[in-house]
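Reviewing the structure listed below.
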Amino acid sequence: MKRILGGLLVIVLLLSLITITVVAEERETENYSMVVFTKGAEYFNWCYAGMQDAAKTLGNHVNVELQGPSDWDASQEARTVEQVLAKRPNGIIISCADESTLIPVINRAIAGGVPIICFDSDSPDSDRLAYVGTDNHSFGAVAGKAIIDEIGTEGEVAILLVPGAVSMEERSQGCVDYLKEHAPNIKINYLNDEGDVSKAEQVTSALLQANPNVKAVFSTHGYGAPGAAAATRNLGKTQDICIIGSDYDSATLELLKNKEVTGTVIDDPYLLGYQAMMLVYASAHPTDVLSARPPFGHVPELIYGNCSLLTAEILADEHAAARYEKPPIID
Amino acid sequence: MLRKIKNKMNLHYLVLIFCITCIFVIMSIQSPFFLTWNNIDVLVNNFIMEAIMALGMTMVIISGGIDISISGILPFIAIIFAKLMLIGVNPWLASLIGLVVSGTIGLFNNSLRHVLRLHPMIVTMATQLTLKGLNLAITGGSVLSKFSRSFTSFTAQRPLGLSIPIWIYILLAVLFVALSKHNRRFIHVFFVGGSNEASMLSGMKINSIFRMVYVISAILAGLAGILSVTVYNSASYSFGQGVEMKVITAVAIGGTSLTHGGEGSITGTLLGTLFMAIVYNAFVMSGISTYYQDVFTGGMLIVAVLLSEGARAINKRTNQAKSLIK
């Protein structure tokens with residue numbers, strides 16, 4: 001009997017030890033949010049897929065969520081950030097609808113000890129800790145080169161953008177600078193399409209009808225190329241106008257395959273989301289390394305990803321195409 | 001007539017208060033952060049512009065009209081206010097100019113409605129589109145910001161822990177509730193909305209009533225524009241996208257009839273806006289996809305209209321039965 005009791009005691013002690021060890025190893029749950037504008041856009045779904053995978057890499061204790069308005073309205077996005085902050089998250093990564101409107105809320109978050117990392121679209125005058133994105137000037141230069149390769153050094157080019165959106169203005173400037181350097185005779189027309197596909201179609205149609213010298217259209221955002229393609233289709237000018245888009249989604253890939261869009265300059269949204277998550281996690285976990293922005297962990301202020309031109313020729317390779325197709329579906 | 005409306009409104013208030021309480025209880029259990037001062041502050045602040053505009057919209061809808069130009073007026077006045085401040089105009093003077101301009105837009109809306117005998121929906125839609133175009137033309141699409149430090153530090157003040165827009169809203173709400181109950185012109189809005197002809201025959205100056213409601217609605221939209229600049233320290237043409245639908249929904253959920261003029265109340269609108277603010281907050285707090293936010297709000301709008309129409313049908317039958325008995 002004594003032996004049985006002794007055995008039971010040993011088992012209980014062992015089980016207690018195991019339980020204590022497991023509990024000690026269990027980490028406190030951490031919550032991180034991604035806030036975007038135009039939530040639902042395929043581009044941001046790719047970004048969020050990157051964030052989710054980064055969270056998985058970091059461990060089961062890391063929870064992530066995607067928030068943001070479905071409209072391109074910076075004030076609504078700022079409100080969403082306020083609401084997310086009320087949940088006291090461990091960190092937030094934000095793609096800013098414009099560079100100014102989110103400054104007060106970003107600064108409040110930083111002052112309250114919540115690390116903020118901007119990705120894709122920056123708010124450089126805010127107190128955000130870091131920006132993970134694309135060198136938009138180089139991005140625009142890739143478009144400029146593609147335009148010259150297609151139309152030569154004469155003619156006129158239309159650039160679709162939303163004035164005030166920093167990333168688009170930088171892309172536009174990159175394209176213009178490249179064209180000025182390599183094809184100074186090319187004239188530029190700026191079109192504000194409000195970041196909307198139907199508006200892009202309207203303004204492109206109007207310009208193409210009014211100005212037959214326009215030989216190429218560069219959209220500095222993802223919605224412009226499908227709009228411009230619809231305009232050239234309606235006017236029967238699909239073969240005459242070179243369209244260079246930005247970013248990719250299912251619609252743009254289809255237009256590329258049909259050769260209605262000549263090419264689209266792409267960065268890697270998946271990696272932007274992945275890197276931004278890693279940075280926000282690092283800034284929420286300070287180490288012994290002296291940080292440039294205490295009390296947050298040490299993170300680089302700027303990380304740029306690569307950009308390149310995606311064309312129908314590249315998509316003809318099934319292996320390459322598989323990388324861009326089947327976008328993640330996010331609730 | 002006013003008693004019938006009152007009974008109907010009381011039922012509506014009860015349903016709304018029940019719904020608000022349910023969401024509050026569920027969310028408090030679901031999220032430890034929901035019932036915190038910080039979140040309540042965010043919850044109210046995040047719907048404050050819509051709440052301010054809903055006061056004016058209630059009067060417009062009770063008068064039998066609608067004003068969808070508010071989503072054009074809000075950014076337009078924000079841009080004018082910001083432009084004036086950037087050229088060095090005193091913020092108080094810039095605010096006054098902004099409010100006068102918005103009042104003029106309200107006058108314009110009413111004049112078009114009156115002179116051309118057009119439905120207010122068409123008139124205010126035309127104003128909205130015109131202003132949206134002007135907003136882009138004035139700003140070139142860029143965001144106006146970088147105001148003086150004295151302005152940004154003044155707007156960041158929180159007297160007694162509440163933001164300036166909340167204080168303004170509290171004052172306006174008290175004023176509107178009092179006016180809608182005791183001011184003759186405000187009470188006349190119900191009669192005009194109930195029946196234009198009867199109001200005219202009883203000697204009311206119905207055009208001046210319409211003028212008043214459209215001017216009030218436009219001024220409140222302008223005020224929301226000015227307050228947006230103080231909150232975000234910037235002004236953009238993209239501000240207030242789709243805000244008119246949120247405001248109209250809040251008013252309808254509050255029990256103001258979209259189908260029949262003369263029915264509604266400011267108190268109902270206060271509850272309707274509170275309901276909307278809680279719903280919007282609950283979606284973000286709970287982590288439920290915000291894609292379903294509009295589905296839910298749309299569903300609630302249908303329920304509100306059905307409730308309003310159901311109560312009207314019951315009243316009608318009761319009256320018929322009473323007259324048959326007599």
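Please note that chains go A, B, ... in the order of the structure tokens, that every chain numbers its residues from 1, and that ligands are numbered from 1 in the order shown.
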
Please run DSSP on the backbone and report, as a PyMOL selection string, all residues within region 109-326 of chain A that come out as strand (DSSP E).
-> chain A and resi 116-119+130-134+156-161+187-192+214-219+242-246+263-266+302-305+308-311

Proximity check chain B to chain A, 10 Å, nearest pairs one decimal Å, only C-alpha atoms, as a tab-separated table:
```
residue	atom	partner	partner_atom	distance
B:Ser31	CA	A:Lys87	CA	8.4
B:Pro32	CA	A:Lys87	CA	8.4
B:Phe33	CA	A:Lys87	CA	5.5
B:Phe34	CA	A:Lys87	CA	7.7
B:Thr36	CA	A:Ala86	CA	8.3
B:Trp37	CA	A:Ala86	CA	9.2
B:Asn38	CA	A:Ala86	CA	6.0
B:Asn39	CA	A:Ala86	CA	5.0
B:Ile40	CA	A:Ala86	CA	8.8
B:Asp41	CA	A:Ala86	CA	9.0
B:Val42	CA	A:Gln83	CA	6.2
B:Leu43	CA	A:Gln83	CA	7.3
B:Asn45	CA	A:Arg79	CA	8.6
B:Asn46	CA	A:Arg79	CA	5.8
B:Phe47	CA	A:Arg79	CA	8.9
B:Leu136	CA	A:Asn192	CA	9.0
B:Thr139	CA	A:Pro163	CA	8.8
B:Gly140	CA	A:Pro163	CA	6.6
B:Gly141	CA	A:Pro163	CA	4.7
B:Ser142	CA	A:Gly164	CA	3.8
B:Val143	CA	A:Gly164	CA	5.4
B:Leu144	CA	A:Ser100	CA	8.1
B:Ser145	CA	A:Ser100	CA	6.5
B:Lys146	CA	A:Ser100	CA	8.3
B:Thr152	CA	A:Pro104	CA	9.6
B:Ala156	CA	A:Pro104	CA	9.4
B:Ser228	CA	A:Ser75	CA	8.1
B:Val229	CA	A:Thr101	CA	9.1
B:Val231	CA	A:Pro104	CA	8.0
B:Tyr232	CA	A:Thr101	CA	5.3
B:Asn233	CA	A:Thr101	CA	6.7
B:Ser234	CA	A:Thr101	CA	5.6
B:Ala235	CA	A:Thr101	CA	7.7
B:Ser236	CA	A:Ala74	CA	8.3
B:Tyr237	CA	A:Asp73	CA	9.0
B:Ser238	CA	A:Asp73	CA	5.3
B:Phe239	CA	A:Asp73	CA	6.0
B:Gly240	CA	A:Asp73	CA	7.5
B:Gln241	CA	A:Asp73	CA	6.7
B:Gly242	CA	A:Asp71	CA	8.8
B:Tyr280	CA	A:Gln83	CA	9.4
B:Asn281	CA	A:Gln83	CA	6.7
B:Ala282	CA	A:Gln83	CA	9.4
B:Phe283	CA	A:Gln67	CA	9.8
B:Val284	CA	A:Gln83	CA	6.7
B:Met285	CA	A:Lys87	CA	6.8
B:Ser286	CA	A:Lys87	CA	9.6
B:Gly287	CA	A:Glu65	CA	7.1
B:Ile288	CA	A:Asp331	CA	8.5
B:Ser289	CA	A:Asp331	CA	5.7
B:Thr290	CA	A:Gln67	CA	7.2
B:Tyr291	CA	A:Asp331	CA	7.6
B:Tyr292	CA	A:Asp331	CA	9.5
```

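Interatomic distance, CA of Gly245 (chain A) against CA of Asn211 (chain A): 20.5 Å.
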
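The space between CA of Ser33 (chain A) and CA of Asp53 (chain A) spans 13.7 Å.
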
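The residue set within 8 Å of region 119-130 of chain A, counting only C-alpha atoms and dropping same-chain residues fewer than 6 places from it, reads Ile93, Ile94, Ser95, Cys96, Ala97, Asp98, Glu99, Ser100, Leu102, Ile103, Pro104, Ile106, Asn107, Ile110, Val166, Ser167, Pro269, Leu272, Gly273, Ala276, Leu279, Arg293, Val299, Pro300, Glu301, Leu302 and Ile303 of chain A.
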
Take the residues just selected and output them with N, CA and C atoms as a tab-separated table (two decimals), in the first residue's frame.
```tsv
chain	number	residue	atom	x	y	z
A	93	ILE	N	0.70	48.17	-37.75
A	93	ILE	CA	1.36	48.56	-38.99
A	93	ILE	C	0.30	49.23	-39.87
A	94	ILE	N	0.68	50.35	-40.47
A	94	ILE	CA	-0.30	51.19	-41.18
A	94	ILE	C	0.19	51.54	-42.59
A	95	SER	N	-0.71	51.43	-43.55
A	95	SER	CA	-0.48	52.03	-44.86
A	95	SER	C	-1.36	53.28	-44.92
A	96	CYS	N	-0.75	54.44	-45.02
A	96	CYS	CA	-1.48	55.70	-44.84
A	96	CYS	C	-2.14	56.19	-46.14
A	97	ALA	N	-3.43	56.52	-46.04
A	97	ALA	CA	-4.16	57.02	-47.21
A	97	ALA	C	-3.60	58.36	-47.69
A	98	ASP	N	-3.15	59.19	-46.77
A	98	ASP	CA	-2.35	60.37	-47.15
A	98	ASP	C	-1.36	60.65	-46.04
A	99	GLU	N	-0.36	61.45	-46.35
A	99	GLU	CA	0.76	61.56	-45.40
A	99	GLU	C	0.46	62.42	-44.18
A	100	SER	N	-0.60	63.29	-44.24
A	100	SER	CA	-0.83	64.25	-43.17
A	100	SER	C	-1.89	63.82	-42.15
A	102	LEU	N	-3.06	61.20	-40.83
A	102	LEU	CA	-2.86	60.23	-39.75
A	102	LEU	C	-1.79	60.65	-38.75
A	103	ILE	N	-1.16	61.80	-38.98
A	103	ILE	CA	-0.07	62.23	-38.09
A	103	ILE	C	-0.52	62.32	-36.62
A	104	PRO	N	-1.65	63.02	-36.31
A	104	PRO	CA	-2.02	63.13	-34.90
A	104	PRO	C	-2.21	61.77	-34.21
A	106	ILE	N	-1.04	58.78	-35.12
A	106	ILE	CA	0.23	58.03	-35.04
A	106	ILE	C	1.07	58.58	-33.88
A	107	ASN	N	1.14	59.89	-33.78
A	107	ASN	CA	1.95	60.50	-32.71
A	107	ASN	C	1.38	60.16	-31.32
A	110	ILE	N	2.38	56.53	-30.50
A	110	ILE	CA	3.79	56.43	-30.12
A	110	ILE	C	3.98	56.99	-28.70
A	166	VAL	N	1.54	60.41	-51.27
A	166	VAL	CA	3.00	60.54	-51.42
A	166	VAL	C	3.57	59.49	-52.35
A	167	SER	N	3.15	58.22	-52.14
A	167	SER	CA	3.75	57.15	-52.92
A	167	SER	C	3.51	57.37	-54.42
A	269	PRO	N	4.09	42.92	-52.23
A	269	PRO	CA	3.26	43.27	-51.08
A	269	PRO	C	3.32	42.25	-49.95
A	272	LEU	N	6.27	43.07	-47.96
A	272	LEU	CA	6.08	44.31	-47.21
A	272	LEU	C	5.35	44.01	-45.90
A	273	GLY	N	4.29	43.23	-46.00
A	273	GLY	CA	3.51	42.86	-44.81
A	273	GLY	C	4.35	42.04	-43.84
A	276	ALA	N	7.10	44.30	-42.26
A	276	ALA	CA	6.51	45.28	-41.34
A	276	ALA	C	6.12	44.60	-40.03
A	279	LEU	N	9.20	43.98	-38.01
A	279	LEU	CA	9.72	45.22	-37.41
A	279	LEU	C	8.88	45.65	-36.21
A	293	ARG	N	15.17	54.80	-30.74
A	293	ARG	CA	13.88	55.36	-30.30
A	293	ARG	C	13.40	54.66	-29.03
A	299	VAL	N	15.01	49.33	-34.42
A	299	VAL	CA	14.63	48.88	-35.77
A	299	VAL	C	15.18	49.89	-36.79
A	300	PRO	N	15.49	49.42	-38.01
A	300	PRO	CA	15.96	50.38	-39.02
A	300	PRO	C	14.82	51.32	-39.42
A	301	GLU	N	15.14	52.57	-39.73
A	301	GLU	CA	14.07	53.52	-40.02
A	301	GLU	C	13.46	53.30	-41.41
A	302	LEU	N	14.22	52.68	-42.27
A	302	LEU	CA	13.77	52.55	-43.66
A	302	LEU	C	14.17	51.19	-44.24
A	303	ILE	N	13.20	50.49	-44.82
A	303	ILE	CA	13.54	49.25	-45.55
A	303	ILE	C	12.85	49.33	-46.90
```

Which parts of region 141-305 of chain A does DSSP call alpha helix (DSSP H) when run on the backbone here, written out as a PyMOL selection string?
-> chain A and resi 141-151+166-182+197-210+224-234+250-257+269-284

Residue contacts of Gly140 (chain A) (7 Å, only C-alpha atoms) excluding same-chain residues fewer than 5 positions away, as a PyMOL selection string | chain A and resi 171-175

Using only C-alpha atoms, determine which residues lie at most 9 Å from Ser205 (chain A), disregarding the query and same-chain residues fewer than 5 positions distant; provide the list as a ChimeraX atom specification.
-> /A:200,210,228,230-232,234-235

Pro115 (chain A): which residues within 8 Å, counting only C-alpha atoms, same-chain residues fewer than 3 positions away excluded, as a ChimeraX atom specification?
-> /A:90-92,109-110,128-129,280,283-284,296

Based on the selection just made, write N, CA and C atoms of those residues as a CSV table (one decimal), in the first residue's frame.
```
chain,number,residue,atom,x,y,z
A,90,ASN,N,-0.3,45.4,-29.2
A,90,ASN,CA,1.1,45.5,-28.9
A,90,ASN,C,1.8,46.3,-30.0
A,91,GLY,N,1.2,46.4,-31.1
A,91,GLY,CA,1.8,47.2,-32.2
A,91,GLY,C,0.8,47.3,-33.4
A,92,ILE,N,1.0,48.3,-34.2
A,92,ILE,CA,0.2,48.5,-35.4
A,92,ILE,C,1.0,48.8,-36.6
A,109,ALA,N,-0.3,57.5,-30.6
A,109,ALA,CA,0.0,56.0,-30.3
A,109,ALA,C,1.4,55.9,-29.8
A,110,ILE,N,2.4,56.5,-30.5
A,110,ILE,CA,3.8,56.4,-30.1
A,110,ILE,C,4.0,57.0,-28.7
A,128,ARG,N,6.2,57.9,-36.5
A,128,ARG,CA,6.3,56.4,-36.8
A,128,ARG,C,7.8,55.9,-36.7
A,129,LEU,N,7.9,54.7,-36.3
A,129,LEU,CA,9.3,54.2,-36.0
A,129,LEU,C,10.1,53.8,-37.3
A,280,VAL,N,7.6,45.6,-36.4
A,280,VAL,CA,6.7,46.0,-35.2
A,280,VAL,C,6.9,45.1,-34.0
A,283,SER,N,10.2,46.1,-32.5
A,283,SER,CA,10.1,47.4,-31.7
A,283,SER,C,9.3,47.2,-30.4
A,284,ALA,N,8.4,46.2,-30.4
A,284,ALA,CA,7.6,45.9,-29.2
A,284,ALA,C,8.4,45.1,-28.1
A,296,PHE,N,11.2,51.9,-27.3
A,296,PHE,CA,10.9,50.8,-28.3
A,296,PHE,C,12.2,50.1,-28.7
```

For the contact check between region 51-88 of chain B and region 253-263 of chain B, emit one row per residue of region 51-88 of chain B within 9 Å, containing the shortest atom pair and the distance in Å rounded to one decimal, counting only C-alpha atoms, chain then rising number order, as CSV.
```
residue,atom,partner,partner_atom,distance
B:Thr58,CA,B:Thr256,CA,6.9
B:Ile61,CA,B:Gly261,CA,6.5
B:Ile62,CA,B:Gly262,CA,4.7
B:Ser63,CA,B:Gly261,CA,5.5
B:Gly64,CA,B:Gly261,CA,4.0
B:Gly65,CA,B:Gly261,CA,7.5
B:Ile66,CA,B:Leu258,CA,8.6
```

Can those selected residues be exported to a file as a PDB file, in the first residue's frame so that it contains N, CA and C atoms?
```pdb
ATOM      1  N   THR B  58     -32.193  65.547 -39.195  1.00  0.00           N
ATOM      2  CA  THR B  58     -33.481  65.169 -38.596  1.00  0.00           C
ATOM      3  C   THR B  58     -34.543  66.210 -38.948  1.00  0.00           C
ATOM      4  N   ILE B  61     -35.488  65.945 -42.630  1.00  0.00           N
ATOM      5  CA  ILE B  61     -36.323  64.775 -42.950  1.00  0.00           C
ATOM      6  C   ILE B  61     -37.724  64.939 -42.347  1.00  0.00           C
ATOM      7  N   ILE B  62     -37.806  65.511 -41.152  1.00  0.00           N
ATOM      8  CA  ILE B  62     -39.137  65.747 -40.560  1.00  0.00           C
ATOM      9  C   ILE B  62     -39.944  66.705 -41.453  1.00  0.00           C
ATOM     10  N   SER B  63     -39.222  67.659 -42.087  1.00  0.00           N
ATOM     11  CA  SER B  63     -39.930  68.610 -42.967  1.00  0.00           C
ATOM     12  C   SER B  63     -40.369  67.953 -44.279  1.00  0.00           C
ATOM     13  N   GLY B  64     -40.005  66.691 -44.445  1.00  0.00           N
ATOM     14  CA  GLY B  64     -40.405  65.955 -45.648  1.00  0.00           C
ATOM     15  C   GLY B  64     -39.343  65.974 -46.721  1.00  0.00           C
ATOM     16  N   GLY B  65     -38.177  66.526 -46.429  1.00  0.00           N
ATOM     17  CA  GLY B  65     -37.105  66.611 -47.432  1.00  0.00           C
ATOM     18  C   GLY B  65     -35.954  65.686 -47.137  1.00  0.00           C
ATOM     19  N   ILE B  66     -34.844  65.939 -47.784  1.00  0.00           N
ATOM     20  CA  ILE B  66     -33.608  65.176 -47.560  1.00  0.00           C
ATOM     21  C   ILE B  66     -32.456  66.077 -47.998  1.00  0.00           C
TER      22      ILE B  66
END
```

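Those residues that approach Glu154 (chain A) to within 10 Å, counting only C-alpha atoms, are A:Ile148, A:Ala183, A:Pro184, A:Asn185, A:Ile186, A:Lys187, A:Asn213, A:Val214, A:Lys215; same-chain residues fewer than 5 positions away are not listed.
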
Keeping only N, CA and C atoms, write the selected residues to a file as a PDB file, in the first residue's frame.
```pdb
ATOM      1  N   ILE A 148       9.647  54.112 -72.729  1.00  0.00           N
ATOM      2  CA  ILE A 148      10.577  54.430 -73.829  1.00  0.00           C
ATOM      3  C   ILE A 148      10.825  53.192 -74.682  1.00  0.00           C
ATOM      4  N   ALA A 183      14.444  60.860 -72.644  1.00  0.00           N
ATOM      5  CA  ALA A 183      13.590  61.251 -73.788  1.00  0.00           C
ATOM      6  C   ALA A 183      13.000  62.634 -73.505  1.00  0.00           C
ATOM      7  N   PRO A 184      13.840  63.672 -73.577  1.00  0.00           N
ATOM      8  CA  PRO A 184      13.375  65.007 -73.174  1.00  0.00           C
ATOM      9  C   PRO A 184      12.235  65.559 -74.025  1.00  0.00           C
ATOM     10  N   ASN A 185      11.989  64.979 -75.200  1.00  0.00           N
ATOM     11  CA  ASN A 185      10.914  65.503 -76.068  1.00  0.00           C
ATOM     12  C   ASN A 185       9.522  65.025 -75.657  1.00  0.00           C
ATOM     13  N   ILE A 186       9.492  64.029 -74.794  1.00  0.00           N
ATOM     14  CA  ILE A 186       8.182  63.489 -74.388  1.00  0.00           C
ATOM     15  C   ILE A 186       7.489  64.479 -73.449  1.00  0.00           C
ATOM     16  N   LYS A 187       6.202  64.757 -73.785  1.00  0.00           N
ATOM     17  CA  LYS A 187       5.431  65.690 -72.956  1.00  0.00           C
ATOM     18  C   LYS A 187       4.553  64.898 -71.971  1.00  0.00           C
ATOM     19  N   ASN A 213      -1.855  62.706 -79.673  1.00  0.00           N
ATOM     20  CA  ASN A 213      -0.404  62.503 -79.506  1.00  0.00           C
ATOM     21  C   ASN A 213      -0.053  61.623 -78.314  1.00  0.00           C
ATOM     22  N   VAL A 214      -1.063  61.362 -77.460  1.00  0.00           N
ATOM     23  CA  VAL A 214      -0.775  60.530 -76.274  1.00  0.00           C
ATOM     24  C   VAL A 214      -0.553  59.087 -76.727  1.00  0.00           C
ATOM     25  N   LYS A 215       0.637  58.578 -76.399  1.00  0.00           N
ATOM     26  CA  LYS A 215       0.979  57.226 -76.845  1.00  0.00           C
ATOM     27  C   LYS A 215       1.099  56.239 -75.685  1.00  0.00           C
TER      28      LYS A 215
END
```

CA of Gly193 (chain B) to CA of Val305 (chain B), distance in Å rounded to a single decimal = 17.2 Å

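Shortest separation to Gly59 (chain A) among A:Asn31, A:Gln275, A:Thr38, A:Thr153 occurs at residue A:Asn31, atoms counted being only C-alpha atoms.
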